[in-house]
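> Starting off with a structure, shown below.
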Amino acid sequence: SAGREGYIEKTKTVCTYCGVGCSFEVWTKDRHILKVEPTYGPANGVSTCIKGKFGWDYVTHADRITTPLIREHGTFREASWDEALAHIASRLTEIKAKDGEDALAFIASSKCTNEESYLMQKLARQVIGTNNVDNCSRYCQSPATMGLWRTVGYGGDSGTIHDIEAAGLVLIIGSNTAESHPVLATRVKRAHKLHGQKLIVADLRKNEMAERADLHLHPRPGTDFIWVSAVAKYMLDHGMAAQGFLDEHVNGLSEYCASIEDFTLEVAERETGIPAETLKLVAQMIHDSSGTCILWAMGVTQQMTGSETSTAISNLLLVSGNYMRTGTGAYPLRGHNNVQGASDFGAMPAHLPGYQHVEDDEARAKFEAAWGVKIKKEMGLDNTLMLHEAHKGNLKGLYLIGEDLGLIDANATFTQEALERLEFFVLQDVFFSETAKFADVVLPASPALEKEGTFTSTERRIQRLYQVLEPLKGSKPDWRIIQLVAQALGADWNYVHPSEVMAEAASLTPLFAGVSYERLEGFNSLCWPVALDGTDTPLLYTDGFAFPDGKARLYPAVFIARTEPANAEYDLHVNNGRMLEHFHEGMMTFKSAGITSLAPDSYVEMSEELAAERGVVTGQHVRLVSRSGAIRLRALVSSRVNGKELYVPMNAYDPGQMINFLTGSHTDPSTHTPAYKDVSARMEVLPVF
Ligand code: SF4
């Protein structure tokens with residue numbers, strides 16, 4: 001209920017930050033955000049984290065862009081919406097005529113709504129005629145989705161936070177849950193402390209969850225696949241597997257067993273550094289628990305072997321019978337607020353909405369009938385391939401929404417060169433980001449508090465957000481902008497509210513068949529798949545797995561070794577990830593005064609041992625040099641990191657300090673997700689002045 005001048009308004013909406021999907025009331029007076037008040041939400045009860053509570057100054061920040069900008073002779077000038085839209089339409093049309101529709105590409109945003117992702121892929125497929133459309137799950141969770149598609153069928157968390165709470169054992173791998181998904185972590189902490197839940201954490205750093213855990217495993221970087229497979233083999237070899245479950249519900253046991261033959265505990269100890277006795281204990285704890293949930297995140301996925309390790313994790317859950325009931329299952333924790341939904345609603349190069357494959361003739365025919373065009377059967381380019389093609393000069397035009405791609409894609413130097421080489425680049429965002437410097441047209445968008453729509457959280461929970469403030473004068477909600485671009489290109493689109501977009505998506509997508517704004521009204525939420533009658537599915541697989549015969553598949557995954565292990569020249573491993581206070585690259589949270597006062601800067605965390613060896617003290621500047629580039633940071637000496645492993649947050653106030661000037665261009669071969677965690681560097685200690 002945005003609105004009446006001089007009055008305090010209270011509007012309930014969904015958090016724009018992480019994938020936990022907390023909801024709360026925002027109190028406003030005119031355009032001032034007075035406070036955020038937690039009210040009951042299905043994901044969070046009445047909790048929020050620091051970002052949800054205090055991270056909103058960016059919405060009213062003076063740096064918001066409020067007019068379209070067009071680059072002319074190397075500088076930007078302000079333009080009217082009409083002029084900017086006409087310019088975009090004419091340049092996209094020109095490139096399509098000259099180089100074909102596949103010389104253009106589109107990237108939707110995981111910060112935007114489901115409806116906006118749907119419209120972005122519709123713009124690419126219906127109006128332009130290309131499948132070159134993707135979103136930033138390519139940078140984080142695509143490997144987890146791949147692992148689940150291979151083994152159990154649906155690319156989403158098996159259950160809800162409630163199901164995680166009900167587990168006897170929670171195993172967290174490569175996730176800094178307390179900082180990245182704080183409210184979800186609180187629920188695990190509570191179950192561990194009060195309800196006897198066991199907790200195992202495998203992570204390079206002794207992060208907060210590892211501190212609390214019953215067992216902390218410290219594998220060598222990039223080796224989770226090996227110990228996970230070794231635990232599964234040990235359980236199979238020692239009568240600890242769920243034989244009845246495997247017989248009844250799972251295919252592929254013999255091929256799988258052959259594929260993990262070499263992964264003995266001895267091999268695992270040698271390769272990962274985790275003692276065989278500790279791995280036996282892990283197997284025993286899984287065996288003894290009433291149910292095990294495995295939570296994982298980018299420590300697993302952002303590796304050369306990300307899809308393979310995600311597959312290995314799901315295989316272990318199958319071997320131990322940990323699917324099909326509450327307190328069990330696979331929980332890849334989604335980073336952005338709507339990273340799940342951006343993929344669900346079809347902003348993917350191989351998938352129409354609801355994971356209907358572009359090669360599926362029936363699915364294509366349905367969309368073709370609805371949209372009145374032919375859709376290509378060949379999958380399009382993903383984000384990684386788009387940038388590689390742009391770098392080679394083959395991709396000519398890019399339309400990007402809500403992502404500071406020039407800083408958040410791996411190997412920022414390469415990415416920025418690729419953006420520079422585009423003939424035409426449209427960026428739609430809330431601020432003039434680093435990436436905007438490469439654009440030809442910048443369109444001012446409105447953030448989530450200024451629009452309506454839906455987000456899908458890590459629980460596959462579709463929730464409505466409600467407009468808290470009117471769009472800042474001059475900016476527009478992304479769905480309106482995409483529609484204006486489509487109309488400028490001649491499309492007959494006339495959506496007056498996102499609910500109409502959802503109705504269209506639901507009518508074409510079995511996964512969301514029963515989703516409607518009427519059903520979501522009043523803070524009802526729906527976990528997909530949602531049947532036509534509105535029945536949703538908080539817990540997946542209770543009636544069988546998402547394959548035609550209802551059986552899961554043990555998938556023989558293959559370990560892929562790291563590309564950049566430390567060597568004599570680059571002797572330190574550089575781990576990286578989120579921190580509690582800031583979100584992602586930090587574009588929004590660094591504009592929130594309260595948060596920035598707590599965490600003003602980036603840093604490199606190093607062990608006491610390494611600091612002593614190199615003569616570094618906390619606060620001193622060091623320079624890290626990798627095969628791809630160099631950054632300068634302050635040191636933070638801590639007991640959380642080990643030996644020659646460093647930790648650098650993925651956000652920085654100064655763009656020149658971004659971790660992606662160190663990361664390289666190598667990717668997980670199955671998904672092209674960059675191996676952000678596969679970096680080594682040398683450290684130069686800078687003099688103290
Ligand atoms: Fe927002 Fe995530 Fe914090 Fe919840 S846990 S308030 S969704 S950032």
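We label chains A, B, ... in the order they appear in the structure tokens, count residues from 1 in each chain, and number ligands from 1 in the order shown.
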Do you know which residues are within 8 Å of ligand 1 using only C-alpha atoms and all ligand atoms? Can you write them as a list in words?
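Listed by chain and ascending number, the contacts are Val14, Cys15, Thr16, Tyr17, Cys18, Gly19, Val20, Gly21, Cys22, Ser23, Asn44, Ser47, Thr48, Cys49, Ile50, Lys51, Gly52, Lys53, Ser180, His181, Pro182, Val183, Leu184, Asn337 and Phe583 of chain A.
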> If you run DSSP on the backbone here, which positions in region 189-269 of chain A get alpha helix (DSSP H)? Please write them as a ChimeraX atom specification.
/A:189-194,208-212,224-237,243-249,253-259,265-269
> Just N, CA and C atoms for this one: save the residues we selected as a compact mmCIF listing (two decimals), in the first residue's frame.

```
# COMPACT_ATOMS: atom_id res chain seq x y z
N LYS A 189 21.20 -23.86 13.60
CA LYS A 189 21.86 -23.68 14.91
C LYS A 189 20.90 -24.06 16.04
N ARG A 190 19.64 -23.66 15.89
CA ARG A 190 18.66 -23.95 16.93
C ARG A 190 18.41 -25.45 17.04
N ALA A 191 18.24 -26.10 15.88
CA ALA A 191 17.99 -27.55 15.90
C ALA A 191 19.18 -28.29 16.50
N HIS A 192 20.37 -27.80 16.23
CA HIS A 192 21.59 -28.42 16.74
C HIS A 192 21.70 -28.22 18.24
N LYS A 193 21.39 -27.01 18.67
CA LYS A 193 21.56 -26.69 20.09
C LYS A 193 20.45 -27.29 20.96
N LEU A 194 19.23 -27.19 20.44
CA LEU A 194 18.09 -27.55 21.31
C LEU A 194 17.50 -28.92 21.03
N GLU A 208 31.64 -19.88 11.10
CA GLU A 208 30.84 -19.98 12.33
C GLU A 208 30.16 -21.34 12.47
N MET A 209 29.62 -21.88 11.38
CA MET A 209 28.96 -23.18 11.47
C MET A 209 29.98 -24.28 11.79
N ALA A 210 31.18 -24.15 11.22
CA ALA A 210 32.23 -25.14 11.50
C ALA A 210 32.63 -25.09 12.97
N GLU A 211 32.65 -23.89 13.54
CA GLU A 211 32.96 -23.73 14.98
C GLU A 211 31.97 -24.51 15.83
N ARG A 212 30.71 -24.46 15.42
CA ARG A 212 29.64 -25.09 16.20
C ARG A 212 29.53 -26.59 15.95
N ASP A 224 36.32 -32.14 -2.64
CA ASP A 224 35.12 -32.67 -1.99
C ASP A 224 34.59 -33.92 -2.69
N PHE A 225 34.69 -33.94 -4.01
CA PHE A 225 34.20 -35.09 -4.76
C PHE A 225 34.80 -36.39 -4.20
N ILE A 226 36.08 -36.33 -3.89
CA ILE A 226 36.80 -37.55 -3.52
C ILE A 226 36.31 -38.09 -2.17
N TRP A 227 36.23 -37.22 -1.17
CA TRP A 227 35.82 -37.75 0.14
C TRP A 227 34.33 -38.13 0.16
N VAL A 228 33.51 -37.37 -0.58
CA VAL A 228 32.08 -37.71 -0.62
C VAL A 228 31.89 -39.09 -1.27
N SER A 229 32.61 -39.33 -2.37
CA SER A 229 32.50 -40.63 -3.04
C SER A 229 33.07 -41.75 -2.18
N ALA A 230 34.15 -41.44 -1.45
CA ALA A 230 34.76 -42.46 -0.58
C ALA A 230 33.81 -42.85 0.56
N VAL A 231 33.10 -41.88 1.10
CA VAL A 231 32.13 -42.19 2.17
C VAL A 231 31.02 -43.09 1.60
N ALA A 232 30.55 -42.77 0.38
CA ALA A 232 29.50 -43.59 -0.24
C ALA A 232 30.01 -45.01 -0.48
N LYS A 233 31.23 -45.13 -0.97
CA LYS A 233 31.79 -46.46 -1.23
C LYS A 233 31.94 -47.25 0.08
N TYR A 234 32.42 -46.57 1.10
CA TYR A 234 32.60 -47.23 2.40
C TYR A 234 31.26 -47.74 2.93
N MET A 235 30.23 -46.94 2.77
CA MET A 235 28.90 -47.37 3.26
C MET A 235 28.42 -48.58 2.46
N LEU A 236 28.64 -48.54 1.15
CA LEU A 236 28.22 -49.68 0.31
C LEU A 236 29.01 -50.94 0.67
N ASP A 237 30.31 -50.77 0.89
CA ASP A 237 31.17 -51.93 1.15
C ASP A 237 30.98 -52.52 2.55
N GLN A 243 19.93 -50.63 1.56
CA GLN A 243 19.74 -51.60 0.48
C GLN A 243 18.28 -51.67 0.00
N GLY A 244 17.36 -51.67 0.95
CA GLY A 244 15.94 -51.76 0.57
C GLY A 244 15.53 -50.56 -0.28
N PHE A 245 15.96 -49.38 0.11
CA PHE A 245 15.67 -48.14 -0.63
C PHE A 245 16.27 -48.22 -2.03
N LEU A 246 17.51 -48.70 -2.10
CA LEU A 246 18.17 -48.80 -3.41
C LEU A 246 17.43 -49.77 -4.31
N ASP A 247 17.05 -50.92 -3.76
CA ASP A 247 16.34 -51.93 -4.56
C ASP A 247 15.02 -51.37 -5.10
N GLU A 248 14.32 -50.66 -4.25
CA GLU A 248 12.97 -50.24 -4.61
C GLU A 248 12.92 -48.95 -5.46
N HIS A 249 13.86 -48.04 -5.17
CA HIS A 249 13.68 -46.69 -5.73
C HIS A 249 14.80 -46.18 -6.63
N LEU A 253 22.86 -48.95 -9.89
CA LEU A 253 23.80 -49.23 -8.79
C LEU A 253 25.13 -49.83 -9.29
N SER A 254 25.06 -50.79 -10.20
CA SER A 254 26.32 -51.46 -10.56
C SER A 254 27.27 -50.52 -11.32
N GLU A 255 26.73 -49.71 -12.23
CA GLU A 255 27.61 -48.77 -12.95
C GLU A 255 28.20 -47.75 -11.96
N TYR A 256 27.36 -47.35 -11.02
CA TYR A 256 27.85 -46.39 -10.03
C TYR A 256 28.97 -47.00 -9.19
N CYS A 257 28.75 -48.23 -8.72
CA CYS A 257 29.78 -48.88 -7.89
C CYS A 257 31.09 -48.98 -8.67
N ALA A 258 31.00 -49.32 -9.95
CA ALA A 258 32.23 -49.42 -10.76
C ALA A 258 32.91 -48.05 -10.84
N SER A 259 32.11 -46.99 -10.92
CA SER A 259 32.69 -45.65 -11.10
C SER A 259 33.42 -45.16 -9.85
N LEU A 265 39.01 -45.23 1.27
CA LEU A 265 39.31 -44.24 2.32
C LEU A 265 40.78 -43.85 2.29
N GLU A 266 41.64 -44.80 1.92
CA GLU A 266 43.09 -44.51 1.88
C GLU A 266 43.37 -43.47 0.79
N VAL A 267 42.77 -43.69 -0.39
CA VAL A 267 42.94 -42.71 -1.48
C VAL A 267 42.39 -41.36 -1.03
N ALA A 268 41.23 -41.39 -0.40
CA ALA A 268 40.61 -40.13 0.04
C ALA A 268 41.51 -39.41 1.04
N GLU A 269 42.09 -40.16 1.97
CA GLU A 269 42.98 -39.52 2.96
C GLU A 269 44.18 -38.88 2.26
```
> As a PyMOL selection string, please: the residues near Ile200 (chain A) (cut-off 6 Å, only C-alpha atoms, same-chain neighbours under 4 positions excluded).
chain A and resi 171+213-216
> CA of Cys140 (chain A) and CA of Ala557 (chain A), how far apart in Å?
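These two atoms are separated by 19.4 Å.
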> Skipping near chain neighbours, those fewer than 3 positions away, what residues fall within 10 Å of Ser307 (chain A) using only C-alpha atoms, listed as a short mmCIF file (atom, residue, chain, number, x, y, z; two decimals) with N, CA and C atoms, in the first residue's frame?

```
data_model
loop_
_atom_site.label_atom_id
_atom_site.label_comp_id
_atom_site.auth_asym_id
_atom_site.auth_seq_id
_atom_site.Cartn_x
_atom_site.Cartn_y
_atom_site.Cartn_z
N GLN A 141 24.91 -21.71 -9.16
CA GLN A 141 24.28 -22.97 -8.80
C GLN A 141 23.94 -23.88 -9.97
N SER A 142 24.30 -23.53 -11.19
CA SER A 142 24.01 -24.44 -12.31
C SER A 142 24.58 -25.84 -12.08
N PRO A 143 25.79 -25.97 -11.52
CA PRO A 143 26.31 -27.33 -11.29
C PRO A 143 25.45 -28.13 -10.31
N ALA A 144 24.90 -27.45 -9.29
CA ALA A 144 24.04 -28.17 -8.35
C ALA A 144 22.78 -28.66 -9.06
N THR A 145 22.22 -27.78 -9.89
CA THR A 145 21.04 -28.16 -10.67
C THR A 145 21.37 -29.35 -11.56
N MET A 146 22.53 -29.33 -12.19
CA MET A 146 22.95 -30.44 -13.06
C MET A 146 23.02 -31.75 -12.25
N GLY A 147 23.62 -31.68 -11.08
CA GLY A 147 23.75 -32.89 -10.24
C GLY A 147 22.39 -33.46 -9.87
N LEU A 148 21.43 -32.58 -9.62
CA LEU A 148 20.09 -33.05 -9.25
C LEU A 148 19.32 -33.55 -10.46
N ARG A 150 20.58 -35.01 -12.96
CA ARG A 150 21.12 -36.33 -13.30
C ARG A 150 20.59 -37.44 -12.39
N PHE A 225 34.69 -33.94 -4.01
CA PHE A 225 34.20 -35.09 -4.76
C PHE A 225 34.80 -36.39 -4.20
N VAL A 300 31.40 -25.79 -3.38
CA VAL A 300 31.30 -27.01 -4.19
C VAL A 300 31.14 -26.66 -5.67
N THR A 301 30.24 -25.73 -5.95
CA THR A 301 29.82 -25.55 -7.35
C THR A 301 30.81 -24.75 -8.19
N GLN A 302 31.52 -23.82 -7.55
CA GLN A 302 32.42 -22.96 -8.35
C GLN A 302 33.80 -23.59 -8.46
N GLN A 303 33.80 -24.79 -8.98
CA GLN A 303 35.03 -25.57 -9.16
C GLN A 303 34.95 -26.22 -10.54
N MET A 304 36.08 -26.60 -11.07
CA MET A 304 36.10 -27.37 -12.31
C MET A 304 35.19 -28.59 -12.19
N SER A 310 28.48 -32.12 -7.13
CA SER A 310 27.05 -32.03 -6.80
C SER A 310 26.37 -33.36 -7.08
N THR A 311 26.77 -34.02 -8.16
CA THR A 311 26.22 -35.34 -8.47
C THR A 311 26.62 -36.34 -7.40
N ALA A 312 27.90 -36.28 -6.99
CA ALA A 312 28.41 -37.21 -5.97
C ALA A 312 27.63 -37.03 -4.66
N ILE A 313 27.28 -35.79 -4.32
CA ILE A 313 26.52 -35.53 -3.09
C ILE A 313 25.14 -36.19 -3.18
N ALA A 557 29.59 -40.25 -11.77
CA ALA A 557 30.28 -38.97 -12.00
C ALA A 557 31.79 -39.21 -12.09
N VAL A 558 32.48 -38.20 -12.60
CA VAL A 558 33.93 -38.34 -12.83
C VAL A 558 34.65 -37.15 -12.21
N PHE A 559 35.65 -37.42 -11.40
CA PHE A 559 36.39 -36.34 -10.74
C PHE A 559 37.22 -35.55 -11.75
N ILE A 560 37.17 -34.23 -11.64
CA ILE A 560 38.01 -33.37 -12.49
C ILE A 560 38.95 -32.57 -11.58
N ASP A 668 33.57 -25.26 -15.11
CA ASP A 668 33.02 -26.61 -15.00
C ASP A 668 32.55 -27.02 -16.41
N PRO A 669 33.07 -28.11 -16.97
CA PRO A 669 32.74 -28.41 -18.37
C PRO A 669 31.25 -28.68 -18.62
N SER A 670 30.52 -29.17 -17.64
CA SER A 670 29.11 -29.51 -17.89
C SER A 670 28.20 -28.29 -17.93
N THR A 671 28.57 -27.22 -17.22
CA THR A 671 27.66 -26.07 -17.12
C THR A 671 28.30 -24.75 -17.52
N HIS A 672 29.61 -24.74 -17.69
CA HIS A 672 30.37 -23.51 -17.96
C HIS A 672 30.31 -22.54 -16.78
N THR A 673 30.05 -23.05 -15.59
CA THR A 673 30.14 -22.20 -14.41
C THR A 673 31.62 -21.96 -14.10
#
```
> Find the residues near Asn642 (chain A): any atom within 9 Å, counting only C-alpha atoms, skip ones fewer than 5 places away on the same chain, and give them as a list in words.
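My list of contacting residues is Leu204, Arg205, Lys206, Met606, Ser607, Glu608, Glu609 and Leu610 of chain A.
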> Given the choices A:Met579, A:Ile260, A:Val339, A:Leu443, which gets closest to Arg460 (chain A) if the distance is worked out from only C-alpha atoms?
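With only C-alpha atoms as the atom set, the closest residue is A:Val339.
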> When you count only C-alpha atoms, which of these residues is closest to Asn394 (chain A): A:Val679, A:Val46, A:Ile70, A:Leu104?
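Residue with the minimum atom-to-atom distance to Asn394 (chain A): A:Leu104.
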> Quick one: of A:Thr223, A:Thr292, A:Gln483, A:Thr66, who's nearest to Gly273 (chain A), counting only C-alpha atoms?
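Selected residue with least distance to Gly273 (chain A): A:Thr223.
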> Give me, please, the distance in Å between CA of Lys374 (chain A) and CA of Tyr154 (chain A), quoted to one decimal.
27.4 Å
> One decimal, Å: what's the distance from CA of Phe424 (chain A) over to CA of Glu389 (chain A), could you say?
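A separation of 13.9 Å between them.
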> Within 12 Å of Asp57 (chain A), counting only C-alpha atoms, which residues qualify if same-chain residues fewer than 6 places away don't, as a VMD selection string?
chain A and resid 31 to 36 51 63 to 64 447 449 587 to 596
> Excluding region 492-497 of chain A and residues on its chain fewer than 6 positions from it, collect all residues at most 9 Å away from it, counting only C-alpha atoms, and give them as a ChimeraX atom specification.
/A:452-453,480,483-484,486
> Could you write out that same residue set with C-alpha atoms as a PDB file, in the first residue's frame?

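Output saved as part20.pdb:
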```
ATOM      1  CA  GLU A 452       5.135  -5.964  -7.866  1.00  0.00           C
ATOM      2  CA  GLY A 453       5.921  -9.509  -8.879  1.00  0.00           C
ATOM      3  CA  ARG A 480       7.688  -2.405 -17.932  1.00  0.00           C
ATOM      4  CA  GLN A 483       7.762  -4.563 -22.540  1.00  0.00           C
ATOM      5  CA  LEU A 484       8.612  -1.106 -23.899  1.00  0.00           C
ATOM      6  CA  ALA A 486       9.506  -5.355 -27.142  1.00  0.00           C
TER       7      ALA A 486
END
```
> Closest to Ser320 (chain A) among A:Val373, A:Leu554, A:Lys96, A:Gly354, using only C-alpha atoms?
A:Leu554
> Looking at only C-alpha atoms, which of A:Ile173, A:Leu508, A:Asn132, A:Pro275 is the one that sits closest to Thr309 (chain A)?
A:Ile173
> Pick out the closest residue to Ser626 (chain A) from this set: A:Arg91, A:Lys111, A:His573, A:His666. Count only C-alpha atoms.
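Using only C-alpha atoms, the shortest distance to Ser626 (chain A) belongs to A:His573.
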